[in-house]
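Engineer: One structure, as structure tokens, below. Some questions next.
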Amino acid sequence: MAVDYAVIVVYLAGMLAMGWWGMRRAKSKAEFLVAGRRLGPSMYSGTMAAIVLGGASTIGGVGLGYQYGLSGAWMVVTIGLGLLALSVFFSARIARLKVYTVSEMLDLRYGGRAGLISGVVMWAYTLMLAVTSTIAYATIFDVIFDLDRTIAIILGGAIVVAYSTLGGMWSITITDMVQFVVKTIGVLLLLLPIAVVKAGGFSEMKAELPTEYFDPLGIGGETIFTYVLIYTFGMLIGQDIWQRVFTARSDRTARWGGTVAGTYCLVYAVAGAVIGTAAKVMYPKLPSADSAFATIVKDELPVGVRGLVLAAALAAVMSTSSGALIACATVANNDIWSRLRGAIGRGTGAPDGTTTAGADGAGGADGGHDEVRGNRVFILIMGIAVILIAIALNDVVEALTVAYNLLVAGLLVPILGGLLWRRGTAAGALAAVGVGGVAVVVLMGAYGILANEPVYYGLLLSLAVYVVVSLATKPTDPAVLSAWRERLAGRDGRDGGDGDAPAAGTSPHEPATV
């Protein structure tokens, strides 16, 4: 195992070194939070694929393949479909807004009255996403070093918090690109073919397993529908995903780079399901499907290769964990704390105590406040909180389900409604967030956290309330809508203090709202 240990140690040391490099580059708010909005297609594609394909997609995807066969790919497939939909239909418009958070977008669209409550919901989602990603370190470090669960979480979490705090999005971007390469080599080029060969090839796999393992719909239509509702729609509105869209250099980069990343996700989904199916042939009676990945890596891979594949699993977890962490800290600082501080000060001149949304490098109410240092402090605080919650929390699936249910039921309708429906109003958006969020919590108490009904009914209630209240209230101020359309078209002129130019590749025929 010495060679495997060396591979892992070198990998972890490299992550910290990249954090130090990122610190030297992140000199402004835009550089720290969105990498200066200047990532090209290759870097953008790799980092976007890295953040959406985390431990659940890698270890969990193999586990679903072990349990259901090829249809176990559906969870990761729906993630890829969501990323494709975001990239093709919405990413260009999102990138042109030149904002930092989803709540800032809602403020721009609805006139500055929907940001705080949506920020609280988004913060809860990103916090739980970071927590569940951090818990996965326990599984990986147990395989590598046989570490105690608490120590493993502290070790993995501390490394991510360190490089994220040091360099912000620049550190995360560089580490994610390395993690993307490591995952590609470790999972697609090494583990996949080795697993299939060790299982005797596809013909032996078909002979050993029931036919439903090769039925593309074997996991069940209701499960697939729920995956679409939670993961595909979740990809459209999550702060962790939008913050990566904000890093794109241009419309074209956001659209085509995201399309490449989404396609990569579909390939990764099939690979995970095939690896899990092969593991079922070799180890038909594992106590837990989620242990399939660790078992096949420990028992079937040669020295050196095993270390690289474990590094790939670690990369998957770290990319999602760091992305969720910076998203959580960005929302906490920009959407919650800055508004509360502004409301207390009563001297900002912005609606609800907010700073001006979307001006890169602009201080707004902060004046001479060092925004890079402030965001760095918030990443450190949120990172410590994430590690402590991860140590205390045991049920990862329930925590993640609560997070996604709140996100989809509370924010999907106001966000997509704001992008697609001119008649949507701030009152309708606030009502949809409140009713959808409360309904999904109450329904989870009635039906159970893992039941499908809460997100179904919560989303329907959110949609109904949004439409009814919007139609019953005064339309959004024409001046607000006019400013919104200007921002969507990239003509607002807010290039920011960091030299951002209006996004290239703007498509003049693309409708802003319907």
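Residues are named by chain letter and number: chains run A, B, ... in the order of the structure tokens, numbers start at 1 in each chain, and ligands are numbered from 1 in the order shown.
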At a cut-off of 10 Å, using only C-alpha atoms, what residues contact stretch 375-384 of chain A? Leave out same-chain residues fewer than 2 positions from it and give the result as a compact mmCIF listing (two decimals) with N, CA, C and O atoms, in the first residue's frame.

Structural biologist:
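Final output, saved to around.txt:
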# COMPACT_ATOMS: atom_id res chain seq x y z
N LYS A 29 -13.03 41.04 -5.64
CA LYS A 29 -14.23 40.25 -5.37
C LYS A 29 -14.55 39.35 -6.56
O LYS A 29 -14.85 38.16 -6.39
N PHE A 32 -12.10 36.50 -6.77
CA PHE A 32 -12.24 35.54 -5.68
C PHE A 32 -13.51 34.69 -5.81
O PHE A 32 -13.48 33.49 -5.56
N LEU A 33 -14.61 35.30 -6.22
CA LEU A 33 -15.89 34.58 -6.24
C LEU A 33 -16.22 33.94 -7.58
O LEU A 33 -16.90 32.90 -7.61
N LEU A 127 -25.51 24.60 2.20
CA LEU A 127 -24.90 24.11 3.43
C LEU A 127 -25.04 22.59 3.54
O LEU A 127 -24.05 21.89 3.80
N ALA A 130 -22.83 20.78 1.03
CA ALA A 130 -21.44 20.74 1.48
C ALA A 130 -21.25 19.72 2.60
O ALA A 130 -20.25 18.99 2.64
N VAL A 131 -22.23 19.63 3.51
CA VAL A 131 -22.14 18.68 4.62
C VAL A 131 -22.14 17.24 4.11
O VAL A 131 -21.30 16.42 4.51
N THR A 134 -18.93 16.35 2.51
CA THR A 134 -17.84 16.21 3.49
C THR A 134 -17.92 14.87 4.22
O THR A 134 -16.89 14.26 4.53
N ILE A 154 -12.50 15.46 9.42
CA ILE A 154 -11.70 16.64 9.73
C ILE A 154 -10.55 16.79 8.73
O ILE A 154 -10.28 17.89 8.24
N GLY A 157 -12.11 17.58 5.17
CA GLY A 157 -12.74 18.89 5.21
C GLY A 157 -11.74 20.01 5.37
O GLY A 157 -11.86 21.07 4.75
N ALA A 158 -10.71 19.80 6.20
CA ALA A 158 -9.72 20.85 6.45
C ALA A 158 -8.95 21.19 5.17
O ALA A 158 -8.63 22.36 4.92
N VAL A 160 -10.02 20.93 2.02
CA VAL A 160 -10.91 21.70 1.13
C VAL A 160 -11.10 23.11 1.65
O VAL A 160 -11.05 24.09 0.89
N VAL A 161 -11.32 23.25 2.95
CA VAL A 161 -11.50 24.58 3.54
C VAL A 161 -10.24 25.42 3.35
O VAL A 161 -10.31 26.62 3.04
N ALA A 162 -9.09 24.80 3.47
CA ALA A 162 -7.82 25.53 3.34
C ALA A 162 -7.65 26.09 1.94
O ALA A 162 -7.43 27.30 1.77
N SER A 164 -9.86 26.45 -0.44
CA SER A 164 -10.98 27.32 -0.83
C SER A 164 -10.84 28.69 -0.17
O SER A 164 -11.11 29.72 -0.80
N THR A 165 -10.43 28.72 1.08
CA THR A 165 -10.27 29.98 1.80
C THR A 165 -9.12 30.80 1.23
O THR A 165 -9.22 32.01 1.08
N LEU A 166 -8.05 30.13 0.87
CA LEU A 166 -6.87 30.84 0.38
C LEU A 166 -7.15 31.55 -0.94
O LEU A 166 -6.92 32.75 -1.08
N GLY A 167 -7.63 30.82 -1.93
CA GLY A 167 -7.72 31.37 -3.28
C GLY A 167 -9.11 31.51 -3.86
O GLY A 167 -9.25 31.94 -5.00
N GLY A 168 -10.15 31.13 -3.10
CA GLY A 168 -11.49 31.28 -3.62
C GLY A 168 -11.72 30.50 -4.90
O GLY A 168 -11.22 29.38 -5.06
N SER A 321 -17.61 19.27 -2.85
CA SER A 321 -17.53 19.88 -1.52
C SER A 321 -17.05 21.32 -1.60
O SER A 321 -17.63 22.23 -0.99
N SER A 322 -16.01 21.58 -2.38
CA SER A 322 -15.47 22.94 -2.48
C SER A 322 -16.44 23.85 -3.21
O SER A 322 -16.61 25.02 -2.84
N LEU A 325 -19.18 24.68 -0.83
CA LEU A 325 -18.69 25.54 0.24
C LEU A 325 -18.60 26.99 -0.19
O LEU A 325 -19.07 27.89 0.53
N ILE A 326 -18.03 27.26 -1.35
CA ILE A 326 -17.91 28.65 -1.78
C ILE A 326 -19.29 29.22 -2.11
O ILE A 326 -19.56 30.41 -1.88
N ALA A 327 -20.20 28.37 -2.62
CA ALA A 327 -21.57 28.83 -2.87
C ALA A 327 -22.26 29.19 -1.57
O ALA A 327 -22.94 30.23 -1.47
N CYS A 328 -22.11 28.34 -0.56
CA CYS A 328 -22.72 28.58 0.75
C CYS A 328 -22.19 29.88 1.36
O CYS A 328 -22.97 30.70 1.87
N ALA A 329 -20.89 30.09 1.30
CA ALA A 329 -20.28 31.29 1.87
C ALA A 329 -20.68 32.54 1.10
O ALA A 329 -20.91 33.60 1.68
N THR A 330 -20.76 32.43 -0.23
CA THR A 330 -21.15 33.57 -1.06
C THR A 330 -22.57 34.01 -0.73
O THR A 330 -22.85 35.21 -0.59
N VAL A 331 -23.48 33.05 -0.61
CA VAL A 331 -24.87 33.37 -0.28
C VAL A 331 -24.95 33.95 1.13
O VAL A 331 -25.65 34.95 1.37
N ALA A 332 -24.25 33.33 2.09
CA ALA A 332 -24.29 33.81 3.47
C ALA A 332 -23.80 35.25 3.59
O ALA A 332 -24.40 36.06 4.30
N ASN A 333 -22.74 35.57 2.87
CA ASN A 333 -22.17 36.91 2.96
C ASN A 333 -22.95 37.93 2.14
O ASN A 333 -23.35 38.98 2.64
N ASN A 334 -23.19 37.62 0.86
CA ASN A 334 -23.77 38.59 -0.05
C ASN A 334 -25.28 38.71 0.04
O ASN A 334 -25.84 39.79 -0.17
N TRP A 337 -25.96 38.23 5.20
CA TRP A 337 -25.27 39.11 6.14
C TRP A 337 -25.24 40.55 5.65
O TRP A 337 -25.51 41.49 6.41
N ASP A 370 -12.89 45.46 2.81
CA ASP A 370 -12.11 44.53 2.01
C ASP A 370 -12.96 43.31 1.70
O ASP A 370 -13.11 42.41 2.53
N GLU A 371 -13.55 43.28 0.49
CA GLU A 371 -14.51 42.24 0.16
C GLU A 371 -13.86 40.87 0.00
O GLU A 371 -14.48 39.86 0.29
N VAL A 372 -12.63 40.84 -0.50
CA VAL A 372 -11.95 39.55 -0.62
C VAL A 372 -11.73 38.96 0.76
O VAL A 372 -12.02 37.78 1.00
N ARG A 373 -11.25 39.77 1.68
CA ARG A 373 -11.03 39.28 3.04
C ARG A 373 -12.35 38.86 3.69
O ARG A 373 -12.43 37.84 4.36
N VAL A 386 -19.53 23.38 8.48
CA VAL A 386 -19.79 22.18 7.67
C VAL A 386 -19.12 20.95 8.29
O VAL A 386 -19.72 19.88 8.40
N ILE A 387 -17.87 21.10 8.71
CA ILE A 387 -17.14 19.97 9.31
C ILE A 387 -17.82 19.52 10.60
O ILE A 387 -18.01 18.32 10.83
N LEU A 388 -18.22 20.47 11.43
CA LEU A 388 -18.86 20.12 12.71
C LEU A 388 -20.21 19.43 12.48
O LEU A 388 -20.53 18.43 13.14
N ILE A 389 -21.01 19.94 11.55
CA ILE A 389 -22.30 19.30 11.25
C ILE A 389 -22.09 17.92 10.66
O ILE A 389 -22.81 16.96 10.98
N ALA A 390 -21.09 17.77 9.79
CA ALA A 390 -20.82 16.47 9.17
C ALA A 390 -20.43 15.43 10.22
O ALA A 390 -20.81 14.26 10.11

Engineer: Assign secondary structure with DSSP using the backbone only, and return the residues of stretch 3-67 of chain A in alpha helix (DSSP H) as a PyMOL selection string.

Structural biologist: chain A and resi 3-25+29-34+41-52+55+61-67

Engineer: Report as a list of chain:residue names all protein, DNA and RNA residues lying within 8 Å of stretch 421-432 of chain A, evaluated on only C-alpha atoms, omitting residues in the same chain fewer than 6 positions from it.

Structural biologist: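 Here the qualifying residues turn out to be A:Tyr110, A:Gly111, A:Arg113, A:Ala114, A:Ile117, A:Gly410, A:Leu411, A:Val413, A:Pro414, A:Leu461, A:Ser462, A:Leu463, A:Val465, A:Tyr466, A:Val467, A:Val468, A:Val469, A:Ser470, A:Leu471, A:Thr473, A:Lys474, A:Pro475, A:Thr476, A:Thr513, A:Val514.
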
Engineer: To one decimal place in Å, what is the distance between atom CA of A:Tyr100 and atom CA of A:Asp240?

Structural biologist: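 One can read the atom CA of A:Tyr100 to atom CA of A:Asp240 distance as 10.7 Å.
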
Engineer: Of the candidates A:Ala439, A:Ala483, A:Ala324, A:Ile449, which one gets nearest to A:Met128 if we count only C-alpha atoms?

Structural biologist: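 For A:Met128, the nearest of the given residues is A:Ala324.
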
Engineer: Quick one: residues within 10 Å of A:Gly258, only C-alpha atoms, excluding same-chain residues fewer than 3 positions away - as a compact mmCIF listing (two decimals) with N, CA and C atoms, in the first residue's frame?

Structural biologist:
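Contents of selection38.txt, as written:
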# COMPACT_ATOMS: atom_id res chain seq x y z
N PRO A 41 -13.32 27.83 -22.79
CA PRO A 41 -14.14 26.61 -22.95
C PRO A 41 -13.57 25.37 -22.28
N TYR A 44 -13.63 25.77 -18.44
CA TYR A 44 -15.02 25.84 -17.99
C TYR A 44 -15.68 24.46 -18.04
N SER A 45 -15.48 23.73 -19.13
CA SER A 45 -16.09 22.40 -19.26
C SER A 45 -15.60 21.45 -18.19
N GLY A 46 -14.29 21.43 -17.98
CA GLY A 46 -13.72 20.51 -16.99
C GLY A 46 -14.18 20.81 -15.58
N THR A 47 -14.21 22.09 -15.22
CA THR A 47 -14.61 22.43 -13.85
C THR A 47 -16.11 22.24 -13.64
N MET A 48 -16.92 22.49 -14.66
CA MET A 48 -18.36 22.27 -14.53
C MET A 48 -18.66 20.78 -14.36
N ALA A 49 -18.00 19.94 -15.14
CA ALA A 49 -18.19 18.49 -14.99
C ALA A 49 -17.73 18.03 -13.61
N GLY A 80 -26.87 15.05 -15.79
CA GLY A 80 -26.35 15.47 -17.09
C GLY A 80 -27.40 16.17 -17.93
N LEU A 83 -27.86 19.69 -16.67
CA LEU A 83 -26.76 20.56 -17.07
C LEU A 83 -26.87 20.93 -18.55
N LEU A 84 -27.30 19.97 -19.38
CA LEU A 84 -27.51 20.26 -20.80
C LEU A 84 -28.61 21.29 -20.99
N ALA A 85 -29.72 21.13 -20.26
CA ALA A 85 -30.83 22.08 -20.37
C ALA A 85 -30.40 23.48 -19.93
N LEU A 86 -29.67 23.55 -18.81
CA LEU A 86 -29.18 24.83 -18.32
C LEU A 86 -28.28 25.50 -19.36
N SER A 87 -27.37 24.71 -19.93
CA SER A 87 -26.39 25.26 -20.86
C SER A 87 -27.03 25.74 -22.16
N VAL A 88 -27.95 24.95 -22.71
CA VAL A 88 -28.54 25.28 -24.00
C VAL A 88 -29.55 26.41 -23.90
N SER A 91 -27.97 29.38 -19.91
CA SER A 91 -26.66 29.80 -19.43
C SER A 91 -26.21 31.13 -20.01
N ARG A 244 -20.68 28.73 -11.19
CA ARG A 244 -19.74 28.31 -12.24
C ARG A 244 -20.11 28.94 -13.58
N VAL A 245 -21.40 29.10 -13.85
CA VAL A 245 -21.80 29.77 -15.08
C VAL A 245 -21.26 31.21 -15.08
N ALA A 248 -17.82 31.98 -16.71
CA ALA A 248 -17.58 31.84 -18.16
C ALA A 248 -17.14 33.17 -18.78
N ARG A 252 -20.90 32.19 -25.42
CA ARG A 252 -20.56 30.97 -26.17
C ARG A 252 -19.86 29.95 -25.28
N THR A 253 -18.97 30.43 -24.43
CA THR A 253 -18.29 29.52 -23.49
C THR A 253 -19.29 28.85 -22.57
N ALA A 254 -20.22 29.63 -22.02
CA ALA A 254 -21.21 29.07 -21.10
C ALA A 254 -22.08 28.04 -21.80
N ARG A 255 -22.49 28.33 -23.04
CA ARG A 255 -23.40 27.44 -23.74
C ARG A 255 -22.70 26.15 -24.20
N ALA A 261 -19.75 19.49 -20.96
CA ALA A 261 -19.75 18.94 -19.61
C ALA A 261 -20.98 18.05 -19.38
N GLY A 262 -22.15 18.47 -19.86
CA GLY A 262 -23.35 17.66 -19.71
C GLY A 262 -23.24 16.33 -20.44
N THR A 263 -22.66 16.36 -21.63
CA THR A 263 -22.46 15.12 -22.39
C THR A 263 -21.49 14.19 -21.66
N TYR A 264 -20.45 14.76 -21.08
CA TYR A 264 -19.51 13.97 -20.29
C TYR A 264 -20.23 13.28 -19.13

Engineer: Within 8 Å of stretch 204-224 of chain A, which residues of stretch 33-114 of chain A show up? Give each one with its shortest atom-to-atom distance in Å (one decimal) and the two atoms involved, counting only C-alpha atoms, rows by chain then rising residue number, as a tab-separated table.

Structural biologist:
residue	atom	partner	partner_atom	distance
A:Tyr68	CA	A:Tyr213	CA	5.8
A:Gly69	CA	A:Tyr213	CA	4.1
A:Leu70	CA	A:Phe214	CA	5.5
A:Ser71	CA	A:Pro216	CA	4.6
A:Gly72	CA	A:Ile219	CA	6.5
A:Trp74	CA	A:Ile224	CA	6.5
A:Met75	CA	A:Ile224	CA	7.5
